[in-house]
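Below: coords07.pdb (PDB, C-alpha atoms and all ligand atoms)
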ATOM      1  CA  MET X   1    -101.256  -9.221-104.858
ATOM      2  CA  SER X   2    -103.336 -12.239-105.834
ATOM      3  CA  LYS X   3    -104.871 -14.447-103.185
ATOM      4  CA  PRO X   4    -102.964 -17.673-104.075
ATOM      5  CA  VAL X   5     -99.621 -15.837-103.714
ATOM      6  CA  LEU X   6    -100.688 -14.442-100.331
ATOM      7  CA  THR X   7    -101.827 -17.917 -99.190
ATOM      8  CA  LEU X   8     -98.494 -19.384-100.316
ATOM      9  CA  LYS X   9     -96.558 -16.682 -98.435
ATOM     10  CA  ILE X  10     -98.570 -17.297 -95.256
ATOM     11  CA  SER X  11     -98.009 -21.068 -95.593
ATOM     12  CA  VAL X  12     -94.253 -20.588 -96.035
ATOM     13  CA  PHE X  13     -94.195 -18.237 -93.041
ATOM     14  CA  LEU X  14     -96.098 -20.748 -90.849
ATOM     15  CA  ALA X  15     -93.835 -23.599 -91.983
ATOM     16  CA  LEU X  16     -90.743 -21.534 -91.106
ATOM     17  CA  LEU X  17     -92.286 -20.696 -87.745
ATOM     18  CA  VAL X  18     -92.814 -24.392 -86.966
ATOM     19  CA  ILE X  19     -89.264 -25.276 -88.068
ATOM     20  CA  PHE X  20     -87.860 -22.399 -85.995
ATOM     21  CA  ASN X  21     -89.811 -23.521 -82.902
ATOM     22  CA  CYS X  22     -88.712 -27.124 -83.461
ATOM     23  CA  SER X  23     -85.071 -26.160 -83.638
ATOM     24  CA  LEU X  24     -85.373 -24.100 -80.464
ATOM     25  CA  SER X  25     -87.083 -26.748 -78.375
ATOM     26  CA  GLY X  26     -85.533 -29.785 -80.029
ATOM     27  CA  PHE X  27     -88.999 -31.314 -79.915
ATOM     28  CA  CYS X  28     -90.403 -31.541 -83.440
ATOM     29  CA  ASP X  29     -91.875 -34.992 -82.906
ATOM     30  CA  SER X  30     -93.350 -34.471 -79.483
ATOM     31  CA  ARG X  31     -96.609 -34.637 -77.615
ATOM     32  CA  GLU X  32     -97.816 -32.370 -74.859
ATOM     33  CA  LEU X  33     -99.760 -33.001 -71.678
ATOM     34  CA  LYS X  34    -100.962 -30.144 -69.482
ATOM     35  CA  SER X  35    -101.879 -30.169 -65.820
ATOM     36  CA  GLU X  36    -102.647 -27.420 -63.322
ATOM     37  CA  HIS X  37     -99.017 -26.462 -62.692
ATOM     38  CA  PHE X  38     -97.051 -28.279 -65.427
ATOM     39  CA  ILE X  39     -96.729 -28.723 -69.163
ATOM     40  CA  ILE X  40     -95.129 -32.041 -70.022
ATOM     41  CA  ASN X  41     -93.518 -32.321 -73.457
ATOM     42  CA  TYR X  42     -92.492 -35.830 -74.358
ATOM     43  CA  ASP X  43     -90.924 -37.398 -77.404
ATOM     44  CA  ASP X  44     -93.217 -39.312 -79.757
ATOM     45  CA  SER X  45     -91.349 -42.524 -79.029
ATOM     46  CA  VAL X  46     -92.063 -42.326 -75.288
ATOM     47  CA  GLN X  47     -94.793 -44.754 -74.251
ATOM     48  CA  TYR X  48     -98.165 -43.061 -74.242
ATOM     49  CA  SER X  49     -98.899 -44.182 -70.681
ATOM     50  CA  TYR X  50     -95.665 -42.691 -69.281
ATOM     51  CA  ALA X  51     -96.519 -38.961 -69.293
ATOM     52  CA  PRO X  52     -99.706 -39.178 -67.139
ATOM     53  CA  GLY X  53     -97.601 -40.808 -64.407
ATOM     54  CA  VAL X  54     -95.056 -37.968 -64.606
ATOM     55  CA  LYS X  55     -97.882 -35.434 -64.441
ATOM     56  CA  LYS X  56     -99.352 -37.038 -61.326
ATOM     57  CA  THR X  57     -95.959 -37.271 -59.570
ATOM     58  CA  ALA X  58     -95.034 -33.677 -60.457
ATOM     59  CA  GLU X  59     -98.325 -32.262 -59.112
ATOM     60  CA  ARG X  60     -98.005 -34.234 -55.872
ATOM     61  CA  LEU X  61     -94.380 -33.203 -55.314
ATOM     62  CA  TYR X  62     -95.154 -29.561 -56.117
ATOM     63  CA  ARG X  63     -97.620 -29.422 -53.230
ATOM     64  CA  LEU X  64     -95.503 -31.461 -50.804
ATOM     65  CA  ILE X  65     -92.318 -29.407 -51.339
ATOM     66  CA  THR X  66     -94.195 -26.120 -50.958
ATOM     67  CA  GLN X  67     -95.803 -27.342 -47.717
ATOM     68  CA  GLU X  68     -92.655 -28.955 -46.266
ATOM     69  CA  PHE X  69     -90.767 -25.655 -45.984
ATOM     70  CA  ASN X  70     -93.764 -23.315 -46.182
ATOM     71  CA  LEU X  71     -92.408 -21.861 -49.420
ATOM     72  CA  ILE X  72     -95.438 -19.771 -50.362
ATOM     73  CA  ARG X  73     -94.767 -17.610 -53.430
ATOM     74  CA  ASP X  74     -96.701 -14.671 -54.867
ATOM     75  CA  LYS X  75     -96.993 -15.950 -58.407
ATOM     76  CA  LEU X  76     -98.823 -19.252 -58.849
ATOM     77  CA  TRP X  77     -97.651 -21.773 -61.430
ATOM     78  CA  VAL X  78    -100.766 -21.552 -63.539
ATOM     79  CA  TRP X  79    -101.569 -20.797 -67.182
ATOM     80  CA  ASP X  80     -98.554 -19.134 -68.816
ATOM     81  CA  ASN X  81     -96.517 -19.477 -65.627
ATOM     82  CA  ARG X  82     -96.594 -23.283 -65.543
ATOM     83  CA  ALA X  83     -93.331 -25.214 -65.235
ATOM     84  CA  GLU X  84     -92.272 -27.417 -68.150
ATOM     85  CA  ILE X  85     -90.859 -30.925 -68.164
ATOM     86  CA  PHE X  86     -89.160 -32.165 -71.331
ATOM     87  CA  ILE X  87     -88.769 -35.921 -71.704
ATOM     88  CA  ALA X  88     -86.343 -37.117 -74.370
ATOM     89  CA  SER X  89     -86.656 -40.523 -76.034
ATOM     90  CA  GLY X  90     -83.790 -42.008 -74.008
ATOM     91  CA  ARG X  91     -80.503 -41.243 -72.276
ATOM     92  CA  GLU X  92     -78.458 -40.616 -75.444
ATOM     93  CA  ASP X  93     -81.143 -38.352 -76.845
ATOM     94  CA  TYR X  94     -81.310 -36.501 -73.487
ATOM     95  CA  LEU X  95     -77.543 -35.887 -73.430
ATOM     96  CA  SER X  96     -77.287 -34.770 -77.041
ATOM     97  CA  ARG X  97     -80.332 -32.493 -76.923
ATOM     98  CA  TYR X  98     -79.859 -30.597 -73.683
ATOM     99  CA  GLY X  99     -76.153 -30.461 -72.944
ATOM    100  CA  CYS X 100     -76.704 -31.693 -69.370
ATOM    101  CA  SER X 101     -73.800 -33.209 -67.401
ATOM    102  CA  PRO X 102     -72.877 -36.718 -68.621
ATOM    103  CA  TRP X 103     -73.391 -38.121 -65.096
ATOM    104  CA  SER X 104     -76.819 -36.482 -64.660
ATOM    105  CA  THR X 105     -80.233 -38.103 -64.958
ATOM    106  CA  ALA X 106     -82.087 -34.788 -65.082
ATOM    107  CA  CYS X 107     -81.148 -31.135 -65.227
ATOM    108  CA  VAL X 108     -82.935 -27.884 -64.665
ATOM    109  CA  ASN X 109     -83.174 -24.325 -65.932
ATOM    110  CA  TYR X 110     -84.173 -22.500 -62.725
ATOM    111  CA  ARG X 111     -85.187 -19.194 -64.220
ATOM    112  CA  GLN X 112     -87.398 -20.667 -66.923
ATOM    113  CA  LYS X 113     -88.741 -23.413 -64.641
ATOM    114  CA  VAL X 114     -87.816 -26.154 -67.082
ATOM    115  CA  ILE X 115     -86.701 -29.694 -66.199
ATOM    116  CA  TYR X 116     -85.059 -32.012 -68.752
ATOM    117  CA  THR X 117     -84.993 -35.751 -68.329
ATOM    118  CA  TYR X 118     -85.593 -39.108 -70.028
ATOM    119  CA  PRO X 119     -88.042 -41.966 -69.324
ATOM    120  CA  ASP X 120     -88.014 -45.246 -67.433
ATOM    121  CA  GLN X 121     -85.678 -44.329 -64.597
ATOM    122  CA  SER X 122     -86.402 -46.409 -61.530
ATOM    123  CA  ASP X 123     -85.624 -43.486 -59.217
ATOM    124  CA  PHE X 124     -87.482 -40.816 -61.161
ATOM    125  CA  GLU X 125     -89.502 -39.617 -58.152
ATOM    126  CA  PRO X 126     -86.484 -38.593 -55.996
ATOM    127  CA  ILE X 127     -84.805 -37.075 -59.078
ATOM    128  CA  LEU X 128     -87.850 -34.936 -59.834
ATOM    129  CA  ALA X 129     -88.217 -34.024 -56.137
ATOM    130  CA  HIS X 130     -84.598 -32.795 -56.114
ATOM    131  CA  GLU X 131     -84.931 -30.622 -59.236
ATOM    132  CA  LEU X 132     -88.330 -29.216 -58.266
ATOM    133  CA  THR X 133     -86.977 -28.210 -54.856
ATOM    134  CA  HIS X 134     -84.265 -26.159 -56.568
ATOM    135  CA  ILE X 135     -86.826 -24.286 -58.644
ATOM    136  CA  ILE X 136     -89.333 -23.706 -55.822
ATOM    137  CA  PHE X 137     -86.633 -22.715 -53.286
ATOM    138  CA  ARG X 138     -84.983 -20.202 -55.600
ATOM    139  CA  GLU X 139     -88.320 -18.781 -56.648
ATOM    140  CA  TYR X 140     -89.292 -18.353 -52.979
ATOM    141  CA  LEU X 141     -86.050 -16.517 -52.178
ATOM    142  CA  GLY X 142     -86.365 -14.437 -55.349
ATOM    143  CA  ARG X 143     -82.691 -14.580 -56.213
ATOM    144  CA  ASN X 144     -79.943 -16.761 -57.593
ATOM    145  CA  ASN X 145     -76.934 -15.797 -55.500
ATOM    146  CA  LEU X 146     -77.405 -18.143 -52.590
ATOM    147  CA  PRO X 147     -74.724 -20.496 -51.257
ATOM    148  CA  LEU X 148     -74.623 -23.747 -53.202
ATOM    149  CA  TRP X 149     -74.457 -25.853 -50.013
ATOM    150  CA  LEU X 150     -77.802 -24.442 -48.865
ATOM    151  CA  ASP X 151     -79.444 -24.950 -52.256
ATOM    152  CA  GLU X 152     -78.134 -28.523 -52.612
ATOM    153  CA  GLY X 153     -78.714 -29.316 -48.936
ATOM    154  CA  MET X 154     -82.392 -28.404 -49.311
ATOM    155  CA  ALA X 155     -82.750 -30.387 -52.556
ATOM    156  CA  VAL X 156     -81.068 -33.489 -51.104
ATOM    157  CA  TYR X 157     -83.160 -33.210 -47.927
ATOM    158  CA  ILE X 158     -86.353 -33.509 -49.994
ATOM    159  CA  GLU X 159     -84.834 -36.071 -52.376
ATOM    160  CA  ASP X 160     -83.920 -38.262 -49.416
ATOM    161  CA  LYS X 161     -87.561 -38.528 -48.384
ATOM    162  CA  TYR X 162     -88.186 -40.387 -51.648
ATOM    163  CA  ARG X 163     -85.024 -42.509 -51.446
ATOM    164  CA  ASN X 164     -85.995 -44.326 -48.271
ATOM    165  CA  GLY X 165     -83.539 -42.254 -46.262
ATOM    166  CA  LEU X 166     -80.441 -43.293 -48.209
ATOM    167  CA  TYR X 167     -78.540 -40.096 -47.349
ATOM    168  CA  ARG X 168     -79.773 -40.157 -43.748
ATOM    169  CA  LYS X 169     -78.458 -43.690 -43.317
ATOM    170  CA  ASN X 170     -75.024 -42.499 -44.503
ATOM    171  CA  LEU X 171     -74.788 -39.644 -42.018
ATOM    172  CA  PHE X 172     -72.666 -41.854 -39.743
ATOM    173  CA  ILE X 173     -69.643 -41.052 -41.963
ATOM    174  CA  LEU X 174     -69.779 -37.458 -40.691
ATOM    175  CA  LYS X 175     -68.329 -38.591 -37.366
ATOM    176  CA  ASP X 176     -65.157 -39.904 -39.041
ATOM    177  CA  LEU X 177     -64.938 -36.945 -41.420
ATOM    178  CA  ILE X 178     -65.042 -34.534 -38.481
ATOM    179  CA  LYS X 179     -62.637 -36.569 -36.351
ATOM    180  CA  GLU X 180     -60.133 -36.889 -39.208
ATOM    181  CA  ASP X 181     -60.602 -33.278 -40.307
ATOM    182  CA  GLY X 182     -61.767 -34.567 -43.686
ATOM    183  CA  TYR X 183     -64.840 -32.339 -43.962
ATOM    184  CA  ILE X 184     -65.013 -28.997 -45.775
ATOM    185  CA  ASP X 185     -64.669 -26.103 -43.311
ATOM    186  CA  PHE X 186     -67.738 -23.863 -43.351
ATOM    187  CA  ARG X 187     -66.019 -20.691 -44.557
ATOM    188  CA  HIS X 188     -64.776 -22.575 -47.587
ATOM    189  CA  LEU X 189     -68.057 -24.481 -48.017
ATOM    190  CA  ASN X 190     -69.945 -21.188 -48.151
ATOM    191  CA  GLU X 191     -67.845 -20.030 -51.106
ATOM    192  CA  ILE X 192     -68.173 -23.129 -53.308
ATOM    193  CA  THR X 193     -69.988 -22.515 -56.587
ATOM    194  CA  SER X 194     -71.365 -25.111 -59.004
ATOM    195  CA  SER X 195     -68.562 -24.438 -61.509
ATOM    196  CA  GLY X 196     -66.002 -24.717 -58.701
ATOM    197  CA  LEU X 197     -67.519 -27.984 -57.544
ATOM    198  CA  GLY X 198     -67.522 -29.292 -61.128
ATOM    199  CA  GLY X 199     -63.729 -29.013 -61.212
ATOM    200  CA  GLN X 200     -63.275 -31.091 -58.046
ATOM    201  CA  PRO X 201     -62.711 -34.869 -57.828
ATOM    202  CA  THR X 202     -65.782 -37.086 -57.341
ATOM    203  CA  ASP X 203     -64.876 -37.884 -53.716
ATOM    204  CA  TYR X 204     -64.818 -34.200 -52.888
ATOM    205  CA  ALA X 205     -68.234 -33.708 -54.531
ATOM    206  CA  LYS X 206     -69.604 -36.618 -52.503
ATOM    207  CA  ILE X 207     -68.399 -35.003 -49.278
ATOM    208  CA  PHE X 208     -69.895 -31.701 -50.408
ATOM    209  CA  TYR X 209     -73.349 -33.236 -50.954
ATOM    210  CA  ILE X 210     -73.515 -35.318 -47.777
ATOM    211  CA  GLN X 211     -72.152 -32.420 -45.712
ATOM    212  CA  SER X 212     -74.618 -29.922 -47.202
ATOM    213  CA  TYR X 213     -77.475 -32.304 -46.483
ATOM    214  CA  SER X 214     -76.140 -32.970 -42.972
ATOM    215  CA  ILE X 215     -76.300 -29.267 -42.090
ATOM    216  CA  ILE X 216     -79.966 -28.982 -43.128
ATOM    217  CA  TYR X 217     -80.722 -32.240 -41.299
ATOM    218  CA  PHE X 218     -78.952 -30.974 -38.164
ATOM    219  CA  ILE X 219     -80.808 -27.632 -38.116
ATOM    220  CA  PHE X 220     -84.146 -29.414 -38.649
ATOM    221  CA  GLN X 221     -83.499 -31.975 -35.923
ATOM    222  CA  GLU X 222     -82.045 -29.608 -33.383
ATOM    223  CA  TYR X 223     -84.221 -26.520 -33.799
ATOM    224  CA  GLY X 224     -87.438 -27.752 -35.438
ATOM    225  CA  LYS X 225     -89.410 -27.166 -38.573
ATOM    226  CA  SER X 226     -91.147 -23.886 -37.740
ATOM    227  CA  ASN X 227     -87.844 -22.197 -36.824
ATOM    228  CA  PHE X 228     -86.414 -23.395 -40.117
ATOM    229  CA  SER X 229     -89.308 -21.760 -41.985
ATOM    230  CA  ARG X 230     -88.544 -18.546 -40.056
ATOM    231  CA  PHE X 231     -84.875 -18.865 -41.062
ATOM    232  CA  LEU X 232     -85.887 -19.137 -44.727
ATOM    233  CA  TRP X 233     -88.175 -16.136 -44.358
ATOM    234  CA  HIS X 234     -85.267 -14.088 -42.935
ATOM    235  CA  LEU X 235     -83.036 -15.383 -45.701
ATOM    236  CA  LYS X 236     -85.567 -14.173 -48.243
ATOM    237  CA  ASN X 237     -85.646 -10.713 -46.686
ATOM    238  CA  ASP X 238     -82.121 -10.283 -45.268
ATOM    239  CA  LYS X 239     -80.264 -11.630 -48.297
ATOM    240  CA  ASP X 240     -77.482 -13.057 -46.150
ATOM    241  CA  VAL X 241     -77.099 -16.498 -44.548
ATOM    242  CA  GLN X 242     -75.256 -15.368 -41.422
ATOM    243  CA  SER X 243     -77.701 -12.580 -40.729
ATOM    244  CA  ALA X 244     -80.694 -14.919 -41.254
ATOM    245  CA  LEU X 245     -79.111 -17.486 -38.918
ATOM    246  CA  SER X 246     -78.490 -15.004 -36.126
ATOM    247  CA  ARG X 247     -81.983 -13.508 -36.428
ATOM    248  CA  THR X 248     -83.574 -16.944 -36.118
ATOM    249  CA  TYR X 249     -81.379 -18.966 -33.782
ATOM    250  CA  TYR X 250     -80.021 -17.722 -30.479
ATOM    251  CA  TYR X 251     -76.897 -19.901 -30.609
ATOM    252  CA  LEU X 252     -76.153 -19.727 -34.334
ATOM    253  CA  THR X 253     -74.754 -16.234 -34.508
ATOM    254  CA  ASP X 254     -72.519 -16.876 -37.529
ATOM    255  CA  LEU X 255     -71.009 -19.653 -39.659
ATOM    256  CA  GLU X 256     -68.365 -20.474 -37.026
ATOM    257  CA  ALA X 257     -71.080 -21.025 -34.432
ATOM    258  CA  LEU X 258     -73.040 -23.173 -36.879
ATOM    259  CA  GLU X 259     -69.923 -25.266 -37.601
ATOM    260  CA  LYS X 260     -69.201 -25.711 -33.879
ATOM    261  CA  ARG X 261     -72.770 -26.854 -33.057
ATOM    262  CA  TRP X 262     -72.913 -29.069 -36.168
ATOM    263  CA  LYS X 263     -69.690 -30.834 -35.145
ATOM    264  CA  GLU X 264     -70.969 -31.384 -31.609
ATOM    265  CA  PHE X 265     -74.205 -32.844 -32.964
ATOM    266  CA  TYR X 266     -72.440 -35.453 -35.132
ATOM    267  CA  LEU X 267     -69.726 -36.301 -32.602
ATOM    268  CA  GLU X 268     -72.249 -37.172 -29.887
TER     269      GLU X 268
HETATM  270 ZN    ZN I   1     -79.064 -30.267 -57.111
END
Could you take the file, read its structure, and then write that structure out as structure tokens?
Amino acid sequence: MSKPVLTLKISVFLALLVIFNCSLSGFCDSRELKSEHFIINYDDSVQYSYAPGVKKTAERLYRLITQEFNLIRDKLWVWDNRAEIFIASGREDYLSRYGCSPWSTACVNYRQKVIYTYPDQSDFEPILAHELTHIIFREYLGRNNLPLWLDEGMAVYIEDKYRNGLYRKNLFILKDLIKEDGYIDFRHLNEITSSGLGGQPTDYAKIFYIQSYSIIYFIFQEYGKSNFSRFLWHLKNDKDVQSALSRTYYYLTDLEALEKRWKEFYLE
């Protein structure tokens, strides 16, 4: 085999490799920015100054979320274990590339620690806080089969801190929902999955999100932060919400007890 032929074959192989990688990631014309815990891939058309801001926000939120719930994990997000953030050129590009929900502004692949989004969103910080909480929370628990209300309640709780308490200010509606029996009973709430929620009307989804957040808010307010960290630790080791509740809180022996106390809290 002559050298030019070998060189040509290697070149063709490398070119195919690049094309293959491009088609997988959807980012042929992209730039990359690395930080301690993140790799940010952004489309060539995204303003050069945008990615450093994302990097800074992501690093700050990573530390704050971990500290807020004491979600210490064994495997650090460094080197090959860094999370990735993909930034498309704009909303249309984001929707066509990643297959995220049409109403979403970001979406996440929990297992691979990848977040997809697009630039210049005025509320990017709370959006990123929400998605990062999902990844960090699930990684801490070490499993995927946790109730959706708990997962979303945690994510909205953190998101709300960067939305000037928008959800907190709307908690007053819980009083009417409880009085009019318009809330989702806890047995049913505990069985709702993301695909099940996707098939529900928007109003139902809104109730689901505010109610999920309200439960986390109630437990935090009523029983304190350190007990909540203990609850999460039990949840990590017991694998069951009711068992983790009863091991942590004297009065919250099961979901019925949680529902009863939650109603009392919001009806006061
Ligand atoms: Zn979410």
Residues contacting ligand ZN 1 (chain I) - anything with an atom at most 8 Å away, using all atoms listed in the file - can you give me those as a compact mmCIF listing (two decimals) with C-alpha atoms, in the coordinates of the input?
# COMPACT_ATOMS: atom_id res chain seq x y z
CA HIS X 130 -84.60 -32.80 -56.11
CA GLU X 131 -84.93 -30.62 -59.24
CA HIS X 134 -84.26 -26.16 -56.57
CA ASP X 151 -79.44 -24.95 -52.26
CA GLU X 152 -78.13 -28.52 -52.61
CA ALA X 155 -82.75 -30.39 -52.56
CA VAL X 156 -81.07 -33.49 -51.10
What do you get, as a VMD selection string, if you spell out every residue that the PyMOL selection byres (((chain X and resi 27-42) around 7) and not hetatm) selects here?
chain X and resid 22 25 to 26 43 to 44 46 55 59 77 to 78 82 to 88
Taking only C-alpha atoms into account, which of X:Asp181, X:Asp203, X:Asp176, X:Glu139 comes nearest Arg111 in chain X?
X:Glu139
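The two atoms in question, CA of Pro147 in chain X and CA of Leu235 in chain X, are spaced 11.2 Å apart.
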Chain and number of each residue from the PyMOL selection byres (((chain X and resi 101) around 12) and not hetatm), as a count of residues only:
21
Where does the PyMOL selection byres (((chain X and resi 162) around 9) and not hetatm) land in this file, that is, which residues does it pick, as a compact mmCIF listing (two decimals) with C-alpha atoms, in the frame of the given file?
# COMPACT_ATOMS: atom_id res chain seq x y z
CA ASP X 123 -85.62 -43.49 -59.22
CA GLU X 125 -89.50 -39.62 -58.15
CA PRO X 126 -86.48 -38.59 -56.00
CA ILE X 127 -84.80 -37.08 -59.08
CA ALA X 129 -88.22 -34.02 -56.14
CA ILE X 158 -86.35 -33.51 -49.99
CA GLU X 159 -84.83 -36.07 -52.38
CA ASP X 160 -83.92 -38.26 -49.42
CA LYS X 161 -87.56 -38.53 -48.38
CA ARG X 163 -85.02 -42.51 -51.45
CA ASN X 164 -86.00 -44.33 -48.27
CA GLY X 165 -83.54 -42.25 -46.26
CA LEU X 166 -80.44 -43.29 -48.21
With only C-alpha atoms as the counted atoms, please give the residues lying no more than 12 Å from Gly182 in chain X, apart from itself and same-chain residues fewer than 3 positions off, as a list in words.
Ile173, Leu174, Lys175, Asp176, Leu177, Ile178, Lys179, Asp185, Asp203, Tyr204, Lys206, Ile207, Phe208 and Gln211 of chain X
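Look at Asn237 in chain X: the protein and nucleic acid residues within 12 Å of it, using all atoms listed in the file and passing over chain neighbours fewer than 3 places away, are Tyr140, Leu141, Gly142, Arg143, Arg230, Phe231, Leu232, Trp233, His234, Asp240, Val241, Ser243, Ala244 and Arg247 of chain X.
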Just the selected residues (C-alpha atoms), exported as a tab-separated table (two decimals), in the frame of the given file, please.
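Printed below is out-v7.tsv as written:
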chain	number	residue	atom	x	y	z
X	140	TYR	CA	-89.29	-18.35	-52.98
X	141	LEU	CA	-86.05	-16.52	-52.18
X	142	GLY	CA	-86.36	-14.44	-55.35
X	143	ARG	CA	-82.69	-14.58	-56.21
X	230	ARG	CA	-88.54	-18.55	-40.06
X	231	PHE	CA	-84.88	-18.86	-41.06
X	232	LEU	CA	-85.89	-19.14	-44.73
X	233	TRP	CA	-88.18	-16.14	-44.36
X	234	HIS	CA	-85.27	-14.09	-42.94
X	240	ASP	CA	-77.48	-13.06	-46.15
X	241	VAL	CA	-77.10	-16.50	-44.55
X	243	SER	CA	-77.70	-12.58	-40.73
X	244	ALA	CA	-80.69	-14.92	-41.25
X	247	ARG	CA	-81.98	-13.51	-36.43
